[in-house]
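Chemist: Enclosed is the structure file final10.txt (compact mmCIF, N, CA and C atoms).
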# COMPACT_ATOMS: atom_id res chain seq x y z
N MET A 24 142.86 68.97 98.14
CA MET A 24 143.69 67.87 97.67
C MET A 24 143.17 67.37 96.33
N VAL A 25 144.08 67.13 95.41
CA VAL A 25 143.77 66.57 94.10
C VAL A 25 144.44 65.21 94.01
N VAL A 26 143.66 64.17 93.63
CA VAL A 26 144.21 62.84 93.47
C VAL A 26 143.85 62.35 92.07
N MET A 27 144.85 61.94 91.30
CA MET A 27 144.65 61.52 89.92
C MET A 27 145.42 60.24 89.63
N ALA A 28 144.98 59.54 88.58
CA ALA A 28 145.66 58.31 88.16
C ALA A 28 145.63 58.22 86.65
N PRO A 29 146.78 58.08 86.01
CA PRO A 29 146.83 57.99 84.55
C PRO A 29 146.46 56.60 84.04
N SER A 30 145.86 56.58 82.85
CA SER A 30 145.50 55.31 82.23
C SER A 30 146.60 54.78 81.31
N ASN A 31 147.57 55.63 80.98
CA ASN A 31 148.68 55.21 80.12
C ASN A 31 149.84 56.18 80.32
N GLU A 32 150.94 55.94 79.63
CA GLU A 32 152.13 56.73 79.84
C GLU A 32 151.98 58.19 79.36
N ALA A 33 151.18 58.44 78.35
CA ALA A 33 150.95 59.82 77.91
C ALA A 33 150.16 60.58 78.98
N GLU A 34 149.15 59.92 79.53
CA GLU A 34 148.37 60.54 80.61
C GLU A 34 149.26 60.85 81.81
N LEU A 35 150.23 59.98 82.07
CA LEU A 35 151.16 60.22 83.17
C LEU A 35 151.93 61.52 82.94
N CYS A 36 152.42 61.73 81.73
CA CYS A 36 153.13 62.97 81.42
C CYS A 36 152.23 64.18 81.62
N HIS A 37 150.98 64.08 81.19
CA HIS A 37 150.05 65.19 81.37
C HIS A 37 149.73 65.42 82.85
N MET A 38 149.67 64.36 83.62
CA MET A 38 149.36 64.51 85.04
C MET A 38 150.54 65.07 85.82
N VAL A 39 151.76 64.76 85.40
CA VAL A 39 152.92 65.40 86.02
C VAL A 39 152.85 66.91 85.77
N ALA A 40 152.53 67.29 84.53
CA ALA A 40 152.40 68.72 84.21
C ALA A 40 151.25 69.35 85.00
N THR A 41 150.17 68.62 85.17
CA THR A 41 149.04 69.12 85.95
C THR A 41 149.43 69.33 87.40
N SER A 42 150.13 68.36 87.96
CA SER A 42 150.57 68.46 89.35
C SER A 42 151.48 69.66 89.57
N ILE A 43 152.36 69.91 88.61
CA ILE A 43 153.27 71.07 88.69
C ILE A 43 152.47 72.37 88.62
N ALA A 44 151.42 72.39 87.81
CA ALA A 44 150.62 73.61 87.63
C ALA A 44 149.71 73.92 88.82
N ILE A 45 149.39 72.92 89.61
CA ILE A 45 148.52 73.14 90.77
C ILE A 45 149.35 73.82 91.86
N ASP A 46 148.97 75.05 92.20
CA ASP A 46 149.75 75.79 93.19
C ASP A 46 148.91 76.27 94.38
N ASP A 47 147.68 75.77 94.47
CA ASP A 47 146.82 76.23 95.56
C ASP A 47 146.40 75.14 96.53
N ARG A 48 146.89 73.90 96.30
CA ARG A 48 146.53 72.78 97.18
C ARG A 48 147.45 71.60 96.87
N PRO A 49 147.51 70.63 97.76
CA PRO A 49 148.35 69.46 97.49
C PRO A 49 147.77 68.64 96.33
N SER A 50 148.64 67.91 95.66
CA SER A 50 148.19 67.01 94.60
C SER A 50 149.03 65.75 94.63
N ALA A 51 148.42 64.68 94.16
CA ALA A 51 149.12 63.40 94.10
C ALA A 51 148.61 62.64 92.89
N PHE A 52 149.47 61.82 92.32
CA PHE A 52 149.03 60.91 91.26
C PHE A 52 149.63 59.56 91.54
N ARG A 53 148.89 58.53 91.17
CA ARG A 53 149.37 57.17 91.37
C ARG A 53 149.43 56.47 90.02
N PHE A 54 150.38 55.59 89.90
CA PHE A 54 150.52 54.86 88.65
C PHE A 54 151.12 53.50 88.95
N PRO A 55 150.83 52.51 88.10
CA PRO A 55 151.33 51.16 88.37
C PRO A 55 152.81 51.04 88.02
N ARG A 56 153.42 50.07 88.61
CA ARG A 56 154.82 49.77 88.27
C ARG A 56 154.87 49.09 86.91
N GLY A 57 156.04 49.09 86.34
CA GLY A 57 156.23 48.36 85.09
C GLY A 57 156.17 49.26 83.88
N ASN A 58 156.10 48.63 82.72
CA ASN A 58 156.11 49.33 81.45
C ASN A 58 154.74 49.91 81.12
N GLY A 59 154.73 50.90 80.25
CA GLY A 59 153.49 51.45 79.74
C GLY A 59 152.88 50.49 78.72
N ILE A 60 151.74 50.92 78.16
CA ILE A 60 151.06 50.05 77.20
C ILE A 60 151.50 50.31 75.76
N GLY A 61 152.36 51.30 75.55
CA GLY A 61 152.90 51.53 74.22
C GLY A 61 152.08 52.47 73.36
N VAL A 62 151.58 53.56 73.93
CA VAL A 62 150.79 54.51 73.14
C VAL A 62 151.70 55.43 72.34
N ASP A 63 151.15 56.05 71.31
CA ASP A 63 151.87 57.03 70.50
C ASP A 63 151.86 58.35 71.28
N MET A 64 152.96 58.63 71.93
CA MET A 64 153.04 59.78 72.83
C MET A 64 152.76 61.10 72.10
N GLN A 65 153.37 61.30 70.96
CA GLN A 65 153.17 62.57 70.25
C GLN A 65 151.73 62.72 69.77
N ALA A 66 151.11 61.63 69.34
CA ALA A 66 149.71 61.69 68.90
C ALA A 66 148.79 62.07 70.05
N LEU A 67 149.22 61.78 71.27
CA LEU A 67 148.42 62.09 72.45
C LEU A 67 148.87 63.38 73.13
N GLY A 68 149.64 64.20 72.41
CA GLY A 68 149.98 65.54 72.90
C GLY A 68 151.19 65.67 73.78
N VAL A 69 152.04 64.65 73.82
CA VAL A 69 153.25 64.72 74.63
C VAL A 69 154.42 65.12 73.73
N ALA A 70 155.16 66.13 74.13
CA ALA A 70 156.29 66.62 73.34
C ALA A 70 157.41 65.58 73.30
N SER A 71 158.33 65.75 72.38
CA SER A 71 159.43 64.79 72.22
C SER A 71 160.33 64.75 73.46
N ASN A 72 160.28 65.78 74.30
CA ASN A 72 161.05 65.79 75.55
C ASN A 72 160.23 65.24 76.72
N TYR A 73 159.11 64.62 76.41
CA TYR A 73 158.20 63.98 77.37
C TYR A 73 157.48 64.96 78.29
N LYS A 74 157.40 66.21 77.89
CA LYS A 74 156.63 67.17 78.67
C LYS A 74 155.18 67.12 78.22
N GLY A 75 154.31 66.93 79.18
CA GLY A 75 152.89 66.91 78.90
C GLY A 75 152.26 68.28 79.08
N GLN A 76 150.98 68.35 78.83
CA GLN A 76 150.21 69.57 79.01
C GLN A 76 149.25 69.37 80.18
N PRO A 77 149.09 70.37 81.04
CA PRO A 77 148.14 70.22 82.15
C PRO A 77 146.73 69.93 81.64
N VAL A 78 146.02 69.06 82.36
CA VAL A 78 144.64 68.74 82.03
C VAL A 78 143.73 69.46 83.03
N GLU A 79 142.46 69.60 82.68
CA GLU A 79 141.52 70.28 83.56
C GLU A 79 141.28 69.41 84.80
N VAL A 80 141.53 69.98 85.95
CA VAL A 80 141.39 69.26 87.21
C VAL A 80 139.93 68.86 87.43
N GLY A 81 139.73 67.60 87.79
CA GLY A 81 138.40 67.12 88.13
C GLY A 81 137.50 66.77 86.96
N LYS A 82 138.07 66.68 85.76
CA LYS A 82 137.25 66.36 84.59
C LYS A 82 137.68 65.02 83.99
N GLY A 83 136.70 64.13 83.84
CA GLY A 83 136.93 62.86 83.17
C GLY A 83 136.85 63.02 81.67
N VAL A 84 137.24 61.97 80.96
CA VAL A 84 137.26 61.99 79.49
C VAL A 84 136.54 60.74 78.97
N VAL A 85 135.63 60.95 78.04
CA VAL A 85 134.96 59.82 77.39
C VAL A 85 135.92 59.27 76.33
N ARG A 86 136.29 57.99 76.50
CA ARG A 86 137.21 57.34 75.56
C ARG A 86 136.48 56.57 74.47
N ARG A 87 135.22 56.22 74.74
CA ARG A 87 134.41 55.49 73.77
C ARG A 87 132.95 55.79 74.07
N GLU A 88 132.19 56.11 73.05
CA GLU A 88 130.76 56.42 73.21
C GLU A 88 129.92 55.18 72.98
N GLY A 89 128.91 55.00 73.82
CA GLY A 89 127.95 53.91 73.68
C GLY A 89 126.62 54.34 74.25
N THR A 90 125.66 53.42 74.30
CA THR A 90 124.32 53.78 74.74
C THR A 90 123.74 52.88 75.81
N ASP A 91 124.22 51.64 75.95
CA ASP A 91 123.60 50.68 76.86
C ASP A 91 124.20 50.71 78.27
N VAL A 92 125.50 50.61 78.35
CA VAL A 92 126.21 50.48 79.62
C VAL A 92 127.33 51.51 79.64
N ALA A 93 127.59 52.08 80.83
CA ALA A 93 128.72 52.99 81.01
C ALA A 93 129.73 52.34 81.96
N LEU A 94 130.97 52.25 81.53
CA LEU A 94 132.07 51.78 82.37
C LEU A 94 132.94 52.97 82.70
N VAL A 95 133.11 53.24 83.98
CA VAL A 95 133.94 54.36 84.43
C VAL A 95 135.19 53.78 85.07
N GLY A 96 136.31 53.93 84.39
CA GLY A 96 137.57 53.39 84.89
C GLY A 96 138.42 54.48 85.51
N TYR A 97 139.29 54.05 86.40
CA TYR A 97 140.22 54.97 87.07
C TYR A 97 141.61 54.35 86.99
N GLY A 98 142.55 55.08 86.41
CA GLY A 98 143.90 54.57 86.28
C GLY A 98 144.01 53.54 85.17
N GLN A 99 144.85 52.57 85.39
CA GLN A 99 145.14 51.57 84.37
C GLN A 99 143.91 50.71 84.04
N SER A 100 142.93 50.68 84.92
CA SER A 100 141.73 49.87 84.67
C SER A 100 140.93 50.39 83.46
N VAL A 101 141.19 51.60 83.02
CA VAL A 101 140.51 52.13 81.83
C VAL A 101 140.80 51.22 80.63
N ASN A 102 142.01 50.70 80.56
CA ASN A 102 142.39 49.83 79.44
C ASN A 102 141.59 48.52 79.48
N ALA A 103 141.33 47.99 80.67
CA ALA A 103 140.49 46.80 80.80
C ALA A 103 139.05 47.13 80.40
N CYS A 104 138.60 48.33 80.72
CA CYS A 104 137.24 48.76 80.32
C CYS A 104 137.12 48.82 78.80
N LEU A 105 138.15 49.34 78.14
CA LEU A 105 138.12 49.41 76.67
C LEU A 105 138.09 48.01 76.07
N ALA A 106 138.85 47.08 76.65
CA ALA A 106 138.85 45.70 76.16
C ALA A 106 137.48 45.06 76.40
N ALA A 107 136.88 45.31 77.56
CA ALA A 107 135.56 44.76 77.86
C ALA A 107 134.51 45.32 76.90
N ALA A 108 134.62 46.61 76.60
CA ALA A 108 133.67 47.24 75.66
C ALA A 108 133.75 46.58 74.29
N GLU A 109 134.95 46.25 73.88
CA GLU A 109 135.14 45.58 72.59
C GLU A 109 134.49 44.20 72.60
N MET A 110 134.69 43.46 73.68
CA MET A 110 134.07 42.13 73.79
C MET A 110 132.55 42.22 73.83
N LEU A 111 132.02 43.19 74.57
CA LEU A 111 130.57 43.34 74.67
C LEU A 111 129.95 43.77 73.35
N SER A 112 130.71 44.52 72.54
CA SER A 112 130.18 44.95 71.25
C SER A 112 129.91 43.74 70.34
N GLU A 113 130.65 42.65 70.53
CA GLU A 113 130.43 41.43 69.76
C GLU A 113 129.09 40.78 70.11
N HIS A 114 128.49 41.21 71.23
CA HIS A 114 127.20 40.70 71.67
C HIS A 114 126.12 41.79 71.56
N ALA A 115 126.38 42.77 70.71
CA ALA A 115 125.44 43.87 70.44
C ALA A 115 125.12 44.70 71.68
N ILE A 116 126.11 44.85 72.58
CA ILE A 116 125.95 45.73 73.75
C ILE A 116 126.84 46.94 73.52
N SER A 117 126.23 48.10 73.49
CA SER A 117 126.93 49.35 73.22
C SER A 117 127.43 49.95 74.54
N VAL A 118 128.74 50.16 74.64
CA VAL A 118 129.36 50.56 75.90
C VAL A 118 130.07 51.91 75.78
N THR A 119 129.78 52.78 76.72
CA THR A 119 130.55 54.01 76.89
C THR A 119 131.68 53.71 77.86
N VAL A 120 132.89 54.15 77.54
CA VAL A 120 134.02 54.00 78.45
C VAL A 120 134.53 55.38 78.80
N VAL A 121 134.63 55.63 80.10
CA VAL A 121 135.10 56.92 80.61
C VAL A 121 136.38 56.71 81.40
N ASP A 122 137.35 57.56 81.15
CA ASP A 122 138.56 57.64 81.96
C ASP A 122 138.29 58.72 82.99
N ALA A 123 138.06 58.32 84.24
CA ALA A 123 137.71 59.29 85.29
C ALA A 123 138.86 60.26 85.54
N ARG A 124 140.09 59.83 85.36
CA ARG A 124 141.30 60.60 85.60
C ARG A 124 141.49 61.02 87.06
N PHE A 125 140.45 61.52 87.69
CA PHE A 125 140.52 62.04 89.05
C PHE A 125 139.53 61.31 89.96
N CYS A 126 139.98 60.96 91.16
CA CYS A 126 139.02 60.46 92.16
C CYS A 126 138.72 61.57 93.15
N LYS A 127 139.55 62.60 93.15
CA LYS A 127 139.30 63.77 93.98
C LYS A 127 139.89 64.98 93.30
N PRO A 128 139.13 65.92 92.83
CA PRO A 128 137.67 65.93 92.82
C PRO A 128 137.13 65.03 91.70
N LEU A 129 136.01 64.42 91.96
CA LEU A 129 135.36 63.53 91.00
C LEU A 129 134.48 64.35 90.06
N ASP A 130 134.42 63.95 88.82
CA ASP A 130 133.59 64.64 87.82
C ASP A 130 132.13 64.21 88.00
N THR A 131 131.48 64.77 88.99
CA THR A 131 130.11 64.38 89.32
C THR A 131 129.13 64.75 88.21
N GLN A 132 129.38 65.81 87.49
CA GLN A 132 128.50 66.19 86.38
C GLN A 132 128.50 65.11 85.31
N LEU A 133 129.66 64.59 84.95
CA LEU A 133 129.76 63.53 83.96
C LEU A 133 129.12 62.25 84.49
N ILE A 134 129.36 61.90 85.74
CA ILE A 134 128.79 60.69 86.33
C ILE A 134 127.27 60.75 86.33
N ARG A 135 126.72 61.90 86.69
CA ARG A 135 125.26 62.06 86.69
C ARG A 135 124.68 61.91 85.28
N ARG A 136 125.35 62.51 84.30
CA ARG A 136 124.89 62.42 82.91
C ARG A 136 124.89 60.97 82.44
N LEU A 137 125.94 60.24 82.77
CA LEU A 137 126.03 58.83 82.38
C LEU A 137 124.95 58.00 83.07
N ALA A 138 124.72 58.25 84.34
CA ALA A 138 123.71 57.49 85.10
C ALA A 138 122.31 57.70 84.52
N LYS A 139 122.04 58.91 84.05
CA LYS A 139 120.73 59.21 83.47
C LYS A 139 120.55 58.63 82.07
N SER A 140 121.63 58.47 81.34
CA SER A 140 121.52 58.10 79.93
C SER A 140 121.86 56.64 79.62
N HIS A 141 122.23 55.86 80.64
CA HIS A 141 122.59 54.45 80.43
C HIS A 141 121.78 53.56 81.37
N GLY A 142 121.53 52.34 80.92
CA GLY A 142 120.80 51.37 81.75
C GLY A 142 121.59 50.92 82.97
N ALA A 143 122.91 50.95 82.86
CA ALA A 143 123.78 50.55 83.98
C ALA A 143 125.05 51.39 83.93
N LEU A 144 125.58 51.70 85.12
CA LEU A 144 126.85 52.41 85.26
C LEU A 144 127.71 51.58 86.20
N ILE A 145 128.90 51.22 85.75
CA ILE A 145 129.79 50.37 86.54
C ILE A 145 131.11 51.08 86.70
N THR A 146 131.60 51.17 87.93
CA THR A 146 132.92 51.75 88.17
C THR A 146 133.94 50.63 88.26
N VAL A 147 135.12 50.88 87.72
CA VAL A 147 136.18 49.87 87.69
C VAL A 147 137.47 50.53 88.15
N GLU A 148 138.10 49.93 89.14
CA GLU A 148 139.40 50.41 89.61
C GLU A 148 140.24 49.24 90.07
N GLU A 149 141.50 49.51 90.31
CA GLU A 149 142.42 48.45 90.72
C GLU A 149 142.16 48.02 92.13
Turn the structure described in the file into structure tokens.
Modeler:
Amino acid sequence: MVVMAPSNEAELCHMVATSIAIDDRPSAFRFPRGNGIGVDMQALGVASNYKGQPVEVGKGVVRREGTDVALVGYGQSVNACLAAAEMLSEHAISVTVVDARFCKPLDTQLIRRLAKSHGALITVEE
């Protein structure tokens, strides 16, 4: 089973494509109700017909690099993590923000790397 959650509307398009490409096990994605956050879809790799590209299953993405604290968000909470990182930077705290993308399978290699290289690792979800 693959379980994923997009952080924005472009990620949703990519996850729909990913779900379609998975042919060896069940897959599911969850997303919040309401409007997207207004990202530039084409800049994020979504075609004008809203077709996304499959992403690598089980791999998170670093959205912001830092050195002190790592915030690992899942789904829409990634956007709150990015906002928190911006606020913390005003207090000289360097924050890495990761979009986990998947809770199953979880990117344990990335999580381990973050835990070893940061003073604190915090997970954030809805």
Chemist: Between A:Arg136, A:Lys74, A:Arg86, A:Arg53, single out the one closest to Thr119 (chain A), counting all atoms listed in the file.
Modeler: A:Arg86
Chemist: Rank A:Met64, A:Leu144, A:Val121, A:Ala51 by their smallest atom-to-atom distance to Glu34 (chain A), using only N, CA and C atoms, and report the top residue only.
Modeler: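 Checking each of A:Met64, A:Leu144, A:Val121, A:Ala51 against Glu34 (chain A), counting only N, CA and C atoms, the winner is A:Met64.
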Chemist: Calculate how many Å separate CA of Val69 (chain A) from CA of His37 (chain A), rounding to one decimal.
Modeler: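 Computing the Euclidean distance for CA of Val69 (chain A) and CA of His37 (chain A) yields 7.5 Å.
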Chemist: Between CA of Ile60 (chain A) and CA of His141 (chain A), measure the distance and give it in Å to one decimal.
Modeler: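 Straight-line distance from CA of Ile60 (chain A) to CA of His141 (chain A) works out to 29.0 Å.
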Chemist: Name the residues, using the chain letters and numbers of the file, that sit within 8 Å of (153.1, 55.9, 87.0) when counting only N, CA and C atoms, and give them as a ChimeraX atom specification.
Modeler: /A:28-29,31-32,35-36,52-57
Chemist: Please identify the alpha helix (DSSP H) residues within region 44-141 of chain A (assignment by DSSP from backbone atoms) and present them as a list of chain:residue names.
Modeler: A:Ala44, A:Ser100, A:Val101, A:Asn102, A:Ala103, A:Cys104, A:Leu105, A:Ala106, A:Ala107, A:Ala108, A:Glu109, A:Met110, A:Leu111, A:Ser112, A:Thr131, A:Gln132, A:Leu133, A:Ile134, A:Arg135, A:Arg136, A:Leu137, A:Ala138, A:Lys139, A:Ser140
Chemist: Enter the distance from CA of Ser140 (chain A) to CA of Val80 (chain A), in Å, rounded to one decimal.
Modeler: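 So the answer is 23.9 Å.
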Chemist: Could you pull out all residues of chain A with a DSSP call of strand (DSSP E or B) and give them as number ranges by chain?
Modeler: A: 25-27, 50-52, 84-87, 92-96, 118-122, 125-127, 143-147
Chemist: As JSON, what would the box around region 57-67 of chain A look like: edges along x, y and z, 8 Å added on every side, centre and edge lengths in Å to one decimal?
Modeler:
{"center_x": 152.3, "center_y": 55.9, "center_z": 77.6, "size_x": 23.8, "size_y": 31.0, "size_z": 33.4}
Chemist: Counting only N, CA and C atoms, which of A:Ala40, A:Gly81, A:Gln76, A:Glu148 gets nearest to Tyr97 (chain A)?
Modeler: A:Glu148
Chemist: For Gly75 (chain A), which residue out of A:Val120, A:Val39, A:Ala93, A:Cys104 is the nearest one, using only N, CA and C atoms?
Modeler: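 Using only N, CA and C atoms, Gly75 (chain A) sits closest to A:Val39.
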Chemist: Pick the closest to Met27 (chain A) from A:Ala138, A:Phe125, A:Gln132, A:Gly68: which is it, counting only C-alpha atoms?
Modeler: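 Ranked by minimum distance to Met27 (chain A), first place goes to A:Phe125.
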Chemist: For Ala143 (chain A), which residue among A:Ser30, A:Thr90, A:Asn72, A:Gln65 is the nearest when counting all atoms listed in the file?
Modeler: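 Once distances to Ala143 (chain A) are computed over all atoms listed in the file, the minimum belongs to A:Thr90.
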Chemist: May I have the residues within 8 Å of Ala108 (chain A) as a count of residues only, using all atoms listed in the file and disregarding those fewer than 3 positions away in the same chain?
Modeler: 12
Chemist: Extract, using only C-alpha atoms, all DNA, RNA and protein residues at most 12 Å from Asp46 (chain A), discarding same-chain residues fewer than 4 positions from it, and format them as a PDB file with N, CA and C atoms, in the coordinates of the input.
Modeler:
ATOM      1  N   MET A  24     142.860  68.970  98.140  1.00  0.00           N
ATOM      2  CA  MET A  24     143.690  67.870  97.670  1.00  0.00           C
ATOM      3  C   MET A  24     143.170  67.370  96.330  1.00  0.00           C
ATOM      4  N   VAL A  25     144.080  67.130  95.410  1.00  0.00           N
ATOM      5  CA  VAL A  25     143.770  66.570  94.100  1.00  0.00           C
ATOM      6  C   VAL A  25     144.440  65.210  94.010  1.00  0.00           C
ATOM      7  N   ALA A  40     152.530  67.290  84.530  1.00  0.00           N
ATOM      8  CA  ALA A  40     152.400  68.720  84.210  1.00  0.00           C
ATOM      9  C   ALA A  40     151.250  69.350  85.000  1.00  0.00           C
ATOM     10  N   THR A  41     150.170  68.620  85.170  1.00  0.00           N
ATOM     11  CA  THR A  41     149.040  69.120  85.950  1.00  0.00           C
ATOM     12  C   THR A  41     149.430  69.330  87.400  1.00  0.00           C
ATOM     13  N   SER A  42     150.130  68.360  87.960  1.00  0.00           N
ATOM     14  CA  SER A  42     150.570  68.460  89.350  1.00  0.00           C
ATOM     15  C   SER A  42     151.480  69.660  89.570  1.00  0.00           C
ATOM     16  N   SER A  50     148.640  67.910  95.660  1.00  0.00           N
ATOM     17  CA  SER A  50     148.190  67.010  94.600  1.00  0.00           C
ATOM     18  C   SER A  50     149.030  65.750  94.630  1.00  0.00           C
TER      19      SER A  50
END
